[in-house]
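**Q** First, the structure itself, so that you have it in front of you.
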Amino acid sequence: MTDTASEKFALVTGGGTGVGKAIAEALLGAGFTVTITGRRAEVLDKAAADLRAATGGNVYAVTADVSDPESVKALFEAIESRHGRLDLLVNNAGINVRAVPMEDLTFEEWNAIVGANLTGAFLCTQQAMRIMKAQEPRGGRVINNGSISAQTPRPFSGPYTATKHAITGLTKSTALDGRPFDIACGQIDIGNASTEMTAKMGTGVMQANGTIAAEPTMPARHVGEAVVYMASLPLSANVLTMTVMATTMPLVGRG
Ligand SMILES: NC(=O)c1ccc[n+]([C@@H]2O[C@H](COP(=O)([O-])OP(=O)(O)OC[C@H]3O[C@@H](n4cnc5c(N)ncnc54)[C@H](O)[C@@H]3O)[C@@H](O)[C@H]2O)c1
Ligand SMILES: O=C(O)[C@H](O)[C@@H](O)[C@H](O)[C@H](O)CO
C-alpha cells in the first residue's frame, strides 16, 4: 500500500543501465520512489544498489521483458501490490540493431526492435493507464523516451527510426485519451547522451550524409533532469515533446 499520502511512485523501464539509470537517479533525487525494470536480474540488482548508495532513495528492481504481455502484467501486479499506485511511467527501454541496408536485416531483428521499442511502450502504457484511471487521487503521467530519430532518420536505421516515429504517435494518443482522466503524456527526444555504451562507441554516430561527425554528446544526467522537469509541470500545461541535445546542431542532410 501507499507508504505516505504524498509519496510519488515511478517506474522506469530499462532503468538498469545508461539513460534509464540516469533518469531513475534524477527521479530518486526529486523524491520519487522508483521501480526499475529490465530483463537481467543481476544488472538490475546492481543498479538498484548503486542508486540507493548514490541517492539514499527508495528503489526497487523488478525483472521483466517489456515486449512480453505476461511479463508486463506481472510487473504491474508487483507494483500495485507493493505500492498501491503509480504516478509516473517512463517508457525508456529500447534497442537498436545493426546499421546495415534494410534488405540485409532479418525478420527476427525487425521483430526484436519493434518488440522492445514500440510494443513494450504500448504494453506498459496500457497497464499504467488502467492503474492511473482507477487510483485515488486519479491520474498520473507517462513520459516516453523518443529520440532525435523520432524526428529525422540516421542512415541504415529504418526499423529504429520507424519505431521512434511511432512512439510520437503513441505519445500524442496517450496525451489525448488520458486528458479526461488527469493523465498527461510527454516525450523526450534526445540527441546523444553519454553512457557506458556510447563511450565504447567512440567518435560519434553517423549523420545523414554518411559521415561520422563528432556530434556533441551530453551527460546522461541531463535527460534525467529533463524528465524531472517534465514531471513537475501541471497536468493542465502538458508539454508534448521536448528535444534535449548538447547543441542545436541539426543532423546533416543528404546531398
Ligand atoms: N544514449 C543515447 O544517446 C540515446 C539517444 C536517443 C535515444 N536514446 C534512447 O534511450 C533509451 C535508452 O538507451 P541507452 O542509450 O540508455 O541504452 P542502454 O542499452 O543502456 O539501455 C537500454 C535499456 O533497455 C533495456 N531493454 C531493452 N530491451 C528490453 C526489453 N525487451 N525489456 C526490458 N528491458 C529492455 C536494456 O536492458 C537496457 O537496460 C532507448 O530507448 C534509446 O532509444 C538513447
Ligand atoms: O538517434 C538516436 O536515437 C541516438 O542519437 C542514437 O543514435 C544513440 O546515440 C545511439 O543509439 C547510442 O545509444
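So you can find residues: chains in the C-alpha cells are A, B, ... in the order shown, residues in each start at 1, and ligands are numbered from 1 in order.
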Skipping near chain neighbours, those fewer than 5 positions away, what residues fall within 12 Å of range 97-106 of chain A using only C-alpha atoms, listed as a VMD selection string?

**A** chain A and resid 111 to 114 116 to 117 153 to 163 205 to 206 210

**Q** Would you list, as JSON, numbers by chain, the residues of range 110-233 of chain A that end up in alpha helix (DSSP H) under DSSP run on this structure's backbone?

**A** {"A": [110, 111, 112, 113, 114, 120, 121, 122, 123, 124, 125, 126, 127, 128, 129, 130, 131, 132, 133, 134, 158, 159, 160, 161, 162, 163, 164, 165, 166, 167, 168, 169, 170, 171, 172, 173, 174, 175, 176, 177, 178, 196, 197, 198, 199, 200, 201, 221, 222, 223, 224, 225, 226, 227, 228, 229, 230, 231, 232]}

**Q** Please find the residues contacting ligand 1 at a distance of at most 8 Å between atoms, with only C-alpha atoms and all ligand atoms counted, and report them as an MDAnalysis selection string.

**A** chainID A and resid 13:21 37:40 63:68 91:96 112 115:117 120 145:149 160 164 189:198 217 220

**Q** What gap, in Å, lies between atom 6 (C, counted along the ligand's line) of ligand 2 and CA of Thr241 in chain A?

**A** 17.3 Å

**Q** Just list the residues in range 8-205 of chain A DSSP gives strand (DSSP E or B) on the backbone, as a PyMOL selection string.

**A** chain A and resi 9-13+33-38+59-63+88-91+140-145+183-190+193-194

**Q** Which residue, A:Ser232, A:Thr119, A:Thr152, A:Asn144, has the smallest gap to ligand 2 when you use only C-alpha atoms and all ligand atoms?

**A**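 Smallest distance to ligand 2 is found for A:Thr152.
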
**Q** Quick one: everything within 9 Å of Leu235 in chain A, counting only C-alpha atoms, minus sequence neighbours fewer than 4 positions away in the same chain. Send it as a list of chain:residue names.

**A**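 Neighbouring residues, sequence-local ones excluded: A:Gly140, A:Arg141, A:Arg179, A:Asp182, A:Ile183, A:Ala184, A:Ala231.
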
**Q** Counting only C-alpha atoms, what is within 12 Å of Ala53 in chain A, bar same-chain residues fewer than 6 positions away, as a list in words?

**A**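 That gives Glu25, Leu28, Gly29, Lys46, Ala47 and Val59 of chain A.
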
**Q** Write out as a PyMOL selection string the residues lying within 9 Å of Glu225 in chain A, counting only C-alpha atoms and excluding same-chain residues fewer than 6 positions away.

**A** chain A and resi 22-23+26-27

**Q** CA of Met230 in chain A and CA of Ser71 in chain A are how many Å apart?

**A** 28.0 Å

**Q** Compare A:Gly169, A:Gly139, A:Pro219, A:Pro69 by their minimum atom-to-atom distance to ligand 2, counting only C-alpha atoms and all ligand atoms, and give me the closest one.

**A**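 Using only C-alpha atoms and all ligand atoms, ligand 2 sits closest to A:Pro219.
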
**Q** Counting only C-alpha atoms, which residue out of A:Asp87, A:Asp50, A:Asp177, A:Glu80 sits closest to Val12 in chain A?

**A**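 Closest to Val12 in chain A of all the choices is A:Asp87.
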
**Q** In Å, how far is it from CA of Pro216 in chain A to CA of Gln151 in chain A?

**A**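 Computing the Euclidean distance for CA of Pro216 in chain A and CA of Gln151 in chain A yields 17.6 Å.
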